[in-house]
>>> print(open('input-v5.txt').read())   # compact mmCIF, C-alpha atoms and all ligand atoms
# COMPACT_ATOMS: atom_id res chain seq x y z
CA MET A 361 86.24 85.37 128.86
CA THR A 362 89.55 84.16 127.42
CA HIS A 363 92.50 85.84 129.12
CA LEU A 364 95.65 86.90 127.33
CA SER A 365 98.48 84.42 126.95
CA GLU A 366 101.98 85.21 128.17
CA GLU A 367 103.02 85.42 124.52
CA GLN A 368 100.42 88.09 123.84
CA LEU A 369 101.57 90.04 126.88
CA ILE A 370 105.18 89.85 125.74
CA LEU A 371 104.29 91.10 122.27
CA HIS A 372 102.29 93.90 123.85
CA TYR A 373 105.23 94.86 126.06
CA TYR A 374 107.49 95.17 123.04
CA GLY A 375 104.87 97.07 121.10
CA GLU A 376 104.80 94.45 118.36
CA PRO A 377 101.88 95.16 116.05
CA GLU A 378 99.59 92.16 116.44
CA SER A 379 95.98 93.21 116.61
CA ALA A 380 94.04 95.69 118.71
CA GLY A 381 92.43 92.78 120.58
CA PRO A 382 94.96 92.31 123.40
CA ALA A 383 95.20 96.05 124.13
CA VAL A 384 91.44 96.34 124.38
CA HIS A 385 91.23 93.29 126.63
CA LEU A 386 94.02 94.56 128.84
CA ALA A 387 92.16 97.82 129.38
CA VAL A 388 89.15 96.06 130.83
CA CYS A 389 90.58 92.95 132.55
CA GLU A 390 92.12 93.44 135.96
CA GLN A 391 93.60 89.95 136.12
CA CYS A 392 95.50 90.38 132.84
CA GLN A 393 96.54 93.87 133.89
CA ARG A 394 98.14 92.37 137.02
CA GLU A 395 99.85 89.71 134.93
CA TYR A 396 101.11 92.35 132.56
CA ASP A 397 102.44 94.55 135.37
CA ALA A 398 104.41 91.64 136.80
CA LEU A 399 105.89 90.87 133.38
CA ALA A 400 106.70 94.50 132.70
CA ARG A 401 108.37 94.90 136.10
CA THR A 402 110.62 91.93 135.43
CA LEU A 403 111.52 92.99 131.91
CA ASP A 404 112.09 96.59 133.00
CA SER A 405 114.61 95.33 135.53
CA CYS A 406 116.58 93.42 132.88
CA ASP A 407 119.17 96.11 132.69
CA TYR A 408 122.31 94.63 131.21
CA ALA A 409 124.76 97.48 131.55
CA VAL A 410 127.46 97.70 128.87
CA PRO A 411 130.81 99.17 129.95
CA GLU A 412 131.60 102.53 128.42
CA ARG A 413 134.10 102.74 125.58
CA LEU A 414 136.60 105.57 125.28
CA ALA A 415 136.00 108.48 122.95
CA SER A 416 138.80 107.09 120.78
CA TYR A 417 137.16 103.67 120.55
CA GLU A 418 136.57 103.74 116.79
CA VAL A 419 140.22 104.60 116.18
CA ALA A 420 141.36 101.69 118.35
CA VAL A 421 139.05 99.27 116.55
CA TRP A 422 140.34 100.43 113.21
CA HIS A 423 144.01 100.16 114.17
CA ARG A 424 143.56 96.61 115.30
CA LEU A 425 141.50 95.77 112.25
CA GLU A 426 143.39 97.41 109.42
CA PRO A 427 146.44 95.10 109.22
CA LYS A 428 144.13 92.10 109.10
CA LEU A 429 142.17 93.61 106.24
CA ALA A 430 145.33 94.08 104.22
CA ARG A 431 146.19 90.46 104.76
CA ARG A 432 142.78 89.25 103.64
CA SER A 433 142.62 91.36 100.53
CA TRP A 434 145.84 89.80 99.33
CA SER A 435 144.98 86.32 100.32
CA SER A 436 143.12 85.53 97.15
CA TRP A 437 146.05 86.02 94.84
CA TRP A 438 148.50 84.70 97.35
CA LYS A 439 146.67 81.40 97.55
CA ALA A 440 148.46 80.68 94.31
CA ALA A 441 151.69 82.11 95.65
CA PRO A 442 153.46 79.05 97.06
CA ALA A 443 153.06 77.31 93.73
CA LEU A 444 154.05 80.42 91.83
CA ALA A 445 157.06 81.08 94.02
CA GLY A 446 158.11 77.45 93.66
CA LEU A 447 157.85 77.63 89.91
CA VAL A 448 159.81 80.85 89.76
CA VAL A 449 162.54 79.52 92.00
CA VAL A 450 162.79 76.30 90.03
CA ALA A 451 163.00 78.30 86.84
CA PHE A 452 165.62 80.52 88.36
CA LEU A 453 167.72 77.67 89.71
CA ALA A 454 167.40 75.78 86.46
CA GLY A 455 168.52 78.85 84.56
CA GLN A 456 171.53 79.39 86.79
CA TRP A 457 172.55 75.78 86.76
CA ILE A 458 172.26 75.54 83.02
CA ALA A 459 174.06 78.84 82.57
CA LYS A 460 176.96 77.61 84.69
CA ARG A 461 177.21 74.22 83.00
CA SER A 462 177.11 75.66 79.52
CA GLY A 463 179.56 78.39 80.36
CA GLY A 464 176.96 81.12 80.22
CA ARG A 465 175.13 79.84 77.17
CA VAL A 466 171.61 78.69 77.88
CA GLN A 467 170.74 75.54 75.98
CA PRO A 468 167.14 75.98 74.89
CA ALA A 469 166.58 72.25 74.30
CA THR A 470 167.05 71.36 77.95
CA VAL A 471 165.26 74.36 79.41
CA SER A 472 161.63 74.10 80.45
CA SER A 473 159.13 76.61 79.18
CA ALA A 474 159.21 78.40 82.52
CA SER A 475 162.88 79.21 82.09
CA ALA A 476 162.50 80.19 78.49
CA ILE A 477 161.86 83.70 79.73
CA SER A 478 164.91 85.90 79.79
CA GLY A 479 167.21 85.89 82.80
CA LYS A 480 166.38 89.48 83.56
CA VAL A 481 162.64 88.88 83.66
CA ARG A 482 163.21 85.75 85.70
CA GLU A 483 165.29 87.60 88.23
CA ARG A 484 162.79 90.41 88.43
CA ILE A 485 159.95 87.96 89.13
CA LEU A 486 162.08 86.22 91.71
CA LEU A 487 162.98 89.45 93.49
CA VAL A 488 159.41 90.69 93.55
CA ALA A 489 158.20 87.29 94.76
CA MET A 490 160.83 87.31 97.48
CA GLY A 491 159.83 90.85 98.46
CA ASP A 492 156.25 89.70 98.80
CA HIS A 493 157.27 86.63 100.74
CA LEU A 494 159.23 88.79 103.16
CA GLU A 495 156.32 91.17 103.54
CA ARG A 496 153.98 88.33 104.39
CA SER A 497 156.48 86.96 106.90
CA GLN A 498 156.86 90.40 108.38
CA MET A 499 153.10 90.66 108.85
CA VAL A 500 152.86 87.36 110.72
CA ILE A 501 155.74 88.25 113.00
CA ALA A 502 154.53 91.81 113.55
CA GLU A 503 151.12 90.50 114.52
CA LEU A 504 152.63 88.25 117.15
CA VAL A 505 154.94 90.94 118.46
CA ASN A 506 152.09 93.43 118.72
CA THR A 507 149.67 91.08 120.45
CA ARG A 508 149.11 92.19 123.99
CA ALA A 509 148.84 89.15 126.15
CA SER A 510 146.23 88.29 128.74
CA GLY A 511 145.32 84.70 129.50
CA ALA A 512 145.63 82.03 126.83
CA ILE A 513 146.18 83.32 123.31
CA ASP A 514 145.05 81.54 120.19
CA ILE A 515 147.86 81.81 117.64
CA SER A 516 146.58 79.08 115.34
CA ASP A 517 146.17 81.50 112.44
CA GLU A 518 149.75 82.81 112.70
CA ARG A 519 150.98 79.27 113.14
CA ARG A 520 149.26 78.05 110.00
CA ARG A 521 150.61 80.97 107.99
CA ALA A 522 154.11 80.42 109.35
CA GLN A 523 153.93 76.79 108.25
CA ASP A 524 153.14 77.88 104.69
CA LEU A 525 155.86 80.51 104.74
CA VAL A 526 158.53 78.07 105.92
CA GLN A 527 158.17 76.12 102.65
CA ASP A 528 158.64 79.20 100.49
CA ASN A 529 161.38 80.53 102.69
CA ARG A 530 163.44 77.39 102.20
CA LEU A 531 163.32 77.84 98.43
CA PHE A 532 164.26 81.50 98.59
CA ARG A 533 167.11 80.77 101.02
CA GLN A 534 168.52 77.99 98.84
CA THR A 535 168.33 80.31 95.85
CA ALA A 536 170.14 83.07 97.72
CA VAL A 537 172.87 80.64 98.82
CA LYS A 538 173.32 79.35 95.27
CA SER A 539 173.45 82.80 93.76
CA GLY A 540 176.05 83.79 96.37
CA ASP A 541 173.99 86.50 98.05
CA GLY A 542 175.32 86.14 101.60
CA VAL A 543 173.31 88.93 103.20
CA ASP A 544 169.99 87.65 101.88
CA ALA A 545 170.90 84.07 102.72
CA ASN A 546 171.69 85.00 106.32
CA VAL A 547 168.51 86.98 106.87
CA LEU A 548 166.45 84.25 105.25
CA ASP A 549 168.15 81.73 107.49
CA GLU A 550 167.32 83.73 110.61
CA LEU A 551 163.80 84.27 109.36
CA GLU A 552 163.38 80.57 108.80
CA ARG A 553 164.25 79.82 112.43
CA VAL A 554 161.66 82.33 113.67
CA LEU A 555 159.03 80.98 111.29
CA LEU A 556 159.82 77.44 112.38
CA GLU A 557 159.46 78.42 116.00
CA ILE A 558 156.04 79.92 115.32
CA ALA A 559 155.05 76.99 113.12
CA HIS A 560 155.95 74.51 115.85
CA SER A 561 154.29 76.43 118.71
CA PRO A 562 151.06 75.04 120.10
CA SER A 563 147.99 76.82 118.74
CA GLN A 564 147.14 78.07 122.21
CA ILE A 565 149.91 79.61 124.26
CA SER A 566 149.95 81.31 127.62
CA SER A 567 150.76 85.00 127.93
CA PRO A 568 154.22 84.36 129.53
CA GLU A 569 155.04 82.01 126.64
CA LEU A 570 153.98 84.66 124.17
CA GLU A 571 156.06 87.27 125.95
CA ASN A 572 159.09 84.97 125.77
CA LEU A 573 158.54 84.45 122.09
CA GLN A 574 158.16 88.20 121.57
CA ARG A 575 161.41 88.87 123.45
CA ARG A 576 163.31 86.33 121.37
CA ILE A 577 161.95 87.79 118.15
CA GLU A 578 162.73 91.34 119.19
CA ALA A 579 166.24 90.47 120.41
CA GLN A 580 167.14 89.28 116.91
CA GLY A 581 165.87 92.45 115.30
CA ILE A 582 164.48 90.17 112.62
CA LEU A 583 161.59 92.46 111.73
CA PHE A 584 163.96 95.24 110.79
CA LYS A 585 166.26 92.98 108.77
CA VAL A 586 163.35 91.40 106.93
CA ARG A 587 161.97 94.81 106.09
CA VAL A 588 165.30 96.04 104.73
CA VAL A 589 165.98 92.94 102.62
CA GLY A 590 162.38 92.87 101.43
CA THR A 591 162.36 96.49 100.36
CA THR A 592 165.72 96.14 98.64
CA ALA A 593 164.55 93.07 96.75
CA ARG A 594 161.40 94.79 95.57
CA GLU A 595 163.26 97.90 94.48
CA LYS A 596 165.91 95.89 92.69
CA GLY A 597 163.23 93.82 91.01
CA ASN A 598 161.29 96.85 89.90
CA ARG A 599 164.42 98.44 88.42
CA LEU A 600 165.21 95.42 86.31
CA MET B 255 132.31 113.94 102.52
CA GLU B 256 129.23 112.21 103.90
CA TRP B 257 128.72 108.74 102.50
CA THR B 258 125.57 106.73 103.03
CA ASP B 259 126.24 103.18 104.24
CA ALA B 260 125.33 101.86 100.82
CA ALA B 261 127.74 104.24 99.07
CA ALA B 262 130.51 103.38 101.53
CA VAL B 263 129.94 99.67 100.85
CA GLU B 264 130.19 100.33 97.11
CA HIS B 265 133.50 102.15 97.49
CA ALA B 266 134.86 99.62 99.99
CA ARG B 267 134.14 96.84 97.50
CA GLY B 268 136.29 98.66 95.02
CA GLY B 269 139.17 98.40 97.50
CA ASN B 270 138.80 101.79 99.13
CA ALA B 271 139.95 101.29 102.74
CA ASP B 272 138.75 104.74 103.81
CA ALA B 273 135.24 103.79 102.80
CA PHE B 274 135.36 100.68 104.94
CA ARG B 275 136.70 102.77 107.77
CA VAL B 276 133.59 104.96 107.53
CA LEU B 277 131.49 101.86 108.15
CA VAL B 278 133.68 100.77 111.07
CA ASP B 279 133.49 104.26 112.60
CA ARG B 280 129.76 104.33 112.23
CA HIS B 281 128.94 100.88 113.55
CA SER B 282 131.69 99.69 115.89
CA ARG B 283 130.08 100.97 119.10
CA ALA B 284 126.77 99.34 118.26
CA VAL B 285 128.53 96.08 117.40
CA PHE B 286 130.42 96.23 120.70
CA ARG B 287 127.19 96.79 122.61
CA LEU B 288 125.63 93.82 120.93
CA ALA B 289 128.78 91.74 121.34
CA TYR B 290 129.03 92.51 125.03
CA ARG B 291 125.46 91.47 125.66
CA MET B 292 125.95 88.33 123.63
CA THR B 293 129.19 87.26 125.28
CA GLY B 294 128.98 88.86 128.72
CA ASN B 295 132.60 90.02 128.87
CA GLU B 296 134.72 92.74 127.33
CA HIS B 297 137.55 90.57 126.06
CA ASP B 298 135.29 88.27 124.06
CA ALA B 299 133.20 91.23 122.95
CA GLU B 300 136.27 92.98 121.50
CA ASP B 301 137.29 89.81 119.68
CA MET B 302 133.78 89.58 118.34
CA VAL B 303 133.88 93.17 117.09
CA GLN B 304 137.08 92.40 115.17
CA GLU B 305 135.80 89.15 113.75
CA THR B 306 132.50 90.73 112.75
CA PHE B 307 134.17 93.46 110.71
CA LEU B 308 136.68 91.04 109.21
CA ARG B 309 133.89 88.80 108.02
CA ALA B 310 131.88 91.77 106.83
CA TYR B 311 134.89 92.91 104.80
CA LYS B 312 135.34 89.51 103.24
CA GLN B 313 131.65 89.23 102.51
CA LEU B 314 131.06 92.76 101.19
CA GLY B 315 130.40 91.28 97.78
CA ARG B 316 127.44 89.42 99.22
CA PHE B 317 125.77 92.53 100.65
CA ASP B 318 122.76 93.04 98.42
CA GLY B 319 121.37 96.15 100.08
CA ARG B 320 117.99 94.57 100.72
CA ALA B 321 118.44 94.91 104.47
CA GLY B 322 120.24 97.93 105.87
CA PHE B 323 123.98 97.58 106.42
CA GLY B 324 123.37 97.65 110.18
CA THR B 325 121.01 94.68 110.03
CA TRP B 326 123.37 92.83 107.74
CA LEU B 327 126.22 93.49 110.15
CA TYR B 328 124.11 92.25 113.08
CA ARG B 329 123.50 89.05 111.19
CA ILE B 330 127.24 88.55 110.79
CA ALA B 331 127.82 89.48 114.43
CA ALA B 332 125.19 86.99 115.53
CA ASN B 333 126.91 84.25 113.53
CA CYS B 334 130.28 85.26 114.96
CA SER B 335 128.95 85.01 118.47
CA VAL B 336 127.71 81.50 117.79
CA ASP B 337 131.20 80.44 116.70
CA LEU B 338 132.94 82.36 119.44
CA LEU B 339 130.73 81.09 122.22
CA ARG B 340 131.10 77.55 120.94
CA ALA B 341 134.87 77.91 121.20
CA ARG B 342 134.66 79.61 124.60
CA LYS B 343 132.31 76.95 125.92
CA LYS B 344 135.04 74.40 125.48
CA ARG B 345 137.38 76.64 127.44
CA ASP B 346 134.81 77.37 130.17
CA GLU B 347 134.03 73.71 130.64
CA ARG B 348 137.43 73.46 132.22
CA THR B 349 136.81 76.29 134.68
CA VAL B 350 134.29 75.88 137.48
CA GLU B 351 131.50 78.38 137.33
CA ALA B 352 129.52 79.70 140.29
CA PRO B 353 126.09 78.12 140.28
CA VAL B 354 122.99 80.35 140.34
CA ASP B 355 122.36 79.60 144.02
CA ALA B 356 125.81 80.79 145.03
CA VAL B 357 125.36 84.03 143.12
CA ARG B 358 122.02 84.61 144.76
CA SER B 359 123.00 83.94 148.37
CA ARG B 360 126.25 85.85 148.08
CA ASP B 361 124.49 88.86 146.65
CA ALA B 362 121.43 88.79 148.87
CA SER B 363 123.01 88.78 152.31
CA PRO B 364 125.09 91.98 152.68
CA GLU B 365 122.85 94.99 152.76
CA ARG B 366 125.27 97.23 150.92
CA LEU B 367 124.53 95.23 147.80
CA THR B 368 121.45 96.63 146.20
CA GLN B 369 118.69 94.64 144.63
CA SER B 370 119.76 95.76 141.17
CA VAL B 371 123.17 94.22 141.69
CA GLU B 372 121.47 91.02 142.69
CA ILE B 373 119.25 91.08 139.62
CA SER B 374 122.06 91.84 137.22
CA GLY B 375 124.06 88.98 138.74
CA ILE B 376 121.20 86.56 138.27
CA LEU B 377 120.45 88.00 134.86
CA GLY B 378 124.03 87.47 133.73
CA THR B 379 123.92 83.85 134.81
CA ALA B 380 120.45 83.29 133.38
CA MET B 381 121.48 84.78 130.02
CA LYS B 382 124.25 82.21 129.79
CA GLU B 383 121.68 79.47 130.24
CA LEU B 384 119.74 80.60 127.17
CA SER B 385 120.33 78.86 123.88
CA GLN B 386 122.34 80.88 121.39
CA THR B 387 119.25 81.67 119.33
CA GLU B 388 117.22 82.64 122.38
CA ARG B 389 119.95 84.90 123.64
CA THR B 390 120.46 86.56 120.26
CA ALA B 391 116.74 87.05 119.75
CA PHE B 392 116.30 88.49 123.24
CA VAL B 393 119.27 90.85 122.97
CA LEU B 394 118.11 92.12 119.59
CA ARG B 395 114.50 92.61 120.77
CA HIS B 396 115.00 93.83 124.30
CA TYR B 397 118.18 95.92 124.07
CA GLU B 398 118.49 96.78 120.40
CA GLY B 399 114.78 97.30 119.79
CA LEU B 400 114.67 95.31 116.56
CA ALA B 401 111.24 94.22 115.35
CA MET B 402 110.55 90.48 115.27
CA GLU B 403 110.67 90.55 111.50
CA GLU B 404 114.17 92.04 111.51
CA ILE B 405 115.28 89.54 114.15
CA GLY B 406 114.03 86.81 111.86
CA ARG B 407 116.21 88.22 109.09
CA VAL B 408 119.23 88.37 111.38
CA LEU B 409 118.75 84.78 112.50
CA GLY B 410 117.73 83.62 109.07
CA VAL B 411 114.39 82.29 110.28
CA GLU B 412 110.70 83.15 109.85
CA PRO B 413 109.40 86.00 112.04
CA ASN B 414 107.28 83.44 113.89
CA ALA B 415 110.33 81.41 114.86
CA ALA B 416 112.04 84.62 116.01
CA LYS B 417 109.00 85.37 118.17
CA HIS B 418 109.15 81.97 119.76
CA SER B 419 112.82 82.40 120.57
CA VAL B 420 111.99 85.68 122.32
CA PHE B 421 109.13 84.01 124.18
CA ARG B 422 111.30 81.18 125.41
CA ALA B 423 114.03 83.60 126.46
CA VAL B 424 111.59 85.80 128.41
CA GLN B 425 110.02 82.76 130.08
CA LYS B 426 113.40 81.42 131.17
CA LEU B 427 114.56 84.81 132.42
CA ARG B 428 111.33 85.35 134.34
CA ARG B 429 111.72 82.01 136.04
CA ALA B 430 115.30 82.82 137.03
CA LEU B 431 114.46 86.33 138.23
CA GLN B 432 111.24 85.39 140.05
CA PRO B 433 112.74 84.99 143.54
CA ALA B 434 114.60 88.30 143.36
CA MET B 435 111.55 90.11 142.02
CA GLY B 436 109.38 88.64 144.78
CA ALA B 437 111.79 89.84 147.46
CA ALA B 438 111.64 93.36 146.05
CA ARG B 439 107.97 93.80 146.77
ZN ZN C 701 92.15 88.88 131.09
>>> encode(input="input-v5.txt", output="structure tokens")
Amino acid sequence: MTHLSEEQLILHYYGEPESAGPAVHLAVCEQCQREYDALARTLDSCDYAVPERLASYEVAVWHRLEPKLARRSWSSWWKAAPALAGLVVVAFLAGQWIAKRSGGRVQPATVSSASAISGKVRERILLVAMGDHLERSQMVIAELVNTRASGAIDISDERRRAQDLVQDNRLFRQTAVKSGDGVDANVLDELERVLLEIAHSPSQISSPELENLQRRIEAQGILFKVRVVGTTAREKGNRL
Amino acid sequence: MEWTDAAAVEHARGGNADAFRVLVDRHSRAVFRLAYRMTGNEHDAEDMVQETFLRAYKQLGRFDGRAGFGTWLYRIAANCSVDLLRARKKRDERTVEAPVDAVRSRDASPERLTQSVEISGILGTAMKELSQTERTAFVLRHYEGLAMEEIGRVLGVEPNAAKHSVFRAVQKLRRALQPAMGAAR
């Protein structure tokens, strides 16, 4: 008589529908019954206890998840953002420069198509773009500040985003300086330092290093300033 | 308002965050359970829960409704755990891990430690020795009660290949647990 293979016994244990054959054999063969009992005893003992989660677990998962979802849902249109922001800033600077040189009169012949749009529209686009830029910066910084540290922390994602944001920030800051907006220029300058610090951090940092970084960020109150300037820019842009 | 998973997916695709939250509420505990058994520690398991839902959110457009949302989510979680464990392996290579023998002798000697503690210690170590596919297949079959066919779908392999992963996992675990089981008689 052919006895059951270990595979057949395993399938039988898990109640996988194979054929009636093994079950019938098992009922009449003592040797296979013993084999099966040994297997079942071992598998029964494979109790891999999972620690309990709190009743509020789902809420905690969602709170940690939600800000990241917001970031991702934007990411598709913001992939084009550095280029767009650059274009807008160039258009804006070109417009200002030309306006100054020509004593307020824009000379169409020397203006690129991007700056052919009216000054008002241009400024509105710039303000909205800056508002968005500040919001993205705020999200990166807020994520770092809200990370609770234990062991080594991987901040490579924040670092990569900060590197992108530094480029844009430089353009917005230069624009603010040129247009004589001191408040914006100062906040953008402070923001740039924070972004640079994040961008130049190693991708893995220890929890004390993270706590230091968090303290420095919080001491500057940069999140609040960025939020205020960002909101103002958006509102001003939307009114134009 | 009681949405089915499929309806919630539909709404979430349209940008409705509340709909996605319904899915998170409904499945996060199960994903944690799976994640914990795949990774063996709470910290990694929580990261895996986050990454699983993030990927699910990004990939909602690819959910075709052929498998249930739960199965689809498990597939994403399984892939996440592969990536996560690969990254963690690099980290763990730098820390010295207690070999199986040390776990066994330490657990076996004091009488206050029960046999079940000994077995779960050995089991934890033995699970780490399984290949990623074997571990996933075993966790899904043994703890989550998925049929071989569903496991095949999760792993993206034929049901037969899923079966063989379960077989290999059980064989390896039996071998590791043999001494402790023998002592219990
Ligand atoms: Zn037999």
>>> atom_distance(input="input-v5.txt", atom1="CA of Ala332 in chain B", atom2="CA of Leu308 in chain B")
13.7 Å
>>> closest_residue(input="input-v5.txt", among="B:Tyr397, B:Tyr311, B:Phe323, B:Phe421", to="Gly269 in chain B", atoms="only C-alpha atoms")
B:Tyr311
>>> residues_around(input="input-v5.txt", residues="Ala420 in chain A", least_positions_apart="4", cutoff="12 Å", atoms="only C-alpha atoms", output="list in words")
Arg413, Leu414, Ala415, Ser416, Arg424, Leu425 and Glu426 of chain A; Arg275, Val278, Asp279, Ser282, Arg283, Glu300, Val303 and Gln304 of chain B
>>> closest_residue(input="input-v5.txt", among="A:Arg394, A:His493, A:His372, A:Arg599", to="ligand ZN 701 (chain C)", atoms="all atoms listed in the file")
A:Arg394
>>> interface_residues(input="input-v5.txt", of="chain B", to="chain A", cutoff="9 Å", atoms="only C-alpha atoms", output="NGL selection string")
:B and (269 or 271 or 275 or 278-283 or 286-287 or 290-291 or 294 or 296 or 300 or 303-305 or 307-308 or 311-312 or 370 or 373-374 or 377-378 or 395-397 or 399 or 401-402 or 417-418 or 420-421 or 424-425 or 427-428 or 431-432 or 435)
>>> residues_near_ligand(input="input-v5.txt", ligand="ligand ZN 701 (chain C)", cutoff="7 Å", atoms="only C-alpha atoms and all ligand atoms", output="PDB file with C-alpha atoms, keeping the file's coordinate frame")
ATOM      1  CA  THR A 362      89.550  84.160 127.420  1.00  0.00           C
ATOM      2  CA  HIS A 363      92.500  85.840 129.120  1.00  0.00           C
ATOM      3  CA  LEU A 364      95.650  86.900 127.330  1.00  0.00           C
ATOM      4  CA  HIS A 385      91.230  93.290 126.630  1.00  0.00           C
ATOM      5  CA  LEU A 386      94.020  94.560 128.840  1.00  0.00           C
ATOM      6  CA  CYS A 389      90.580  92.950 132.550  1.00  0.00           C
ATOM      7  CA  GLU A 390      92.120  93.440 135.960  1.00  0.00           C
ATOM      8  CA  GLN A 391      93.600  89.950 136.120  1.00  0.00           C
ATOM      9  CA  CYS A 392      95.500  90.380 132.840  1.00  0.00           C
TER      10      CYS A 392
END
>>> residues_near_point(input="input-v5.txt", point="(159.9, 88.1, 95.8)", cutoff="9 Å", atoms="all atoms listed in the file", output="number ranges by chain")
A: 445, 484-494, 532, 590, 593-594, 597
>>> closest_residue(input="input-v5.txt", among="B:Ser335, B:Gln313, B:Ser385, B:Thr325", to="Gly410 in chain B", atoms="all atoms listed in the file")
B:Thr325
>>> atom_distance(input="input-v5.txt", atom1="CA of Ser516 in chain A", atom2="CA of Asp337 in chain B")
15.5 Å
>>> atom_distance(input="input-v5.txt", atom1="CA of Leu551 in chain A", atom2="CA of Glu578 in chain A")
12.2 Å
>>> decode(input="input-v5.txt", residues="range 278-289 of chain B", atoms="N, CA, C and O atoms", output="short mmCIF file (atom, residue, chain, number, x, y, z; two decimals), in the first residue's frame")
data_model
loop_
_atom_site.label_atom_id
_atom_site.label_comp_id
_atom_site.auth_asym_id
_atom_site.auth_seq_id
_atom_site.Cartn_x
_atom_site.Cartn_y
_atom_site.Cartn_z
N VAL B 278 -9.52 52.00 5.00
CA VAL B 278 -8.47 51.92 6.03
C VAL B 278 -9.07 51.40 7.33
O VAL B 278 -8.52 50.51 7.98
N ASP B 279 -10.23 51.96 7.71
CA ASP B 279 -10.89 51.53 8.94
C ASP B 279 -11.19 50.03 8.90
O ASP B 279 -11.02 49.32 9.87
N ARG B 280 -11.64 49.60 7.75
CA ARG B 280 -12.09 48.23 7.64
C ARG B 280 -10.92 47.24 7.62
O ARG B 280 -11.06 46.12 8.09
N HIS B 281 -9.80 47.64 7.06
CA HIS B 281 -8.75 46.64 6.81
C HIS B 281 -7.46 46.83 7.60
O HIS B 281 -6.57 45.99 7.52
N SER B 282 -7.33 47.94 8.36
CA SER B 282 -6.01 48.21 8.93
C SER B 282 -5.58 47.17 9.98
O SER B 282 -4.42 46.81 10.07
N ARG B 283 -6.53 46.67 10.77
CA ARG B 283 -6.17 45.65 11.76
C ARG B 283 -5.68 44.36 11.10
O ARG B 283 -4.71 43.75 11.54
N ALA B 284 -6.39 43.97 10.05
CA ALA B 284 -5.99 42.74 9.35
C ALA B 284 -4.61 42.93 8.72
O ALA B 284 -3.78 42.02 8.76
N VAL B 285 -4.38 44.12 8.15
CA VAL B 285 -3.07 44.37 7.54
C VAL B 285 -1.98 44.37 8.61
O VAL B 285 -0.90 43.84 8.41
N PHE B 286 -2.30 44.93 9.78
CA PHE B 286 -1.31 44.91 10.87
C PHE B 286 -0.98 43.47 11.28
O PHE B 286 0.18 43.13 11.46
N ARG B 287 -2.02 42.67 11.43
CA ARG B 287 -1.82 41.27 11.82
C ARG B 287 -0.87 40.59 10.84
O ARG B 287 0.10 39.94 11.22
N LEU B 288 -1.20 40.76 9.59
CA LEU B 288 -0.37 40.17 8.54
C LEU B 288 1.05 40.73 8.60
O LEU B 288 2.05 39.99 8.58
N ALA B 289 1.13 42.05 8.73
CA ALA B 289 2.44 42.72 8.75
C ALA B 289 3.28 42.25 9.92
O ALA B 289 4.48 42.02 9.79
#
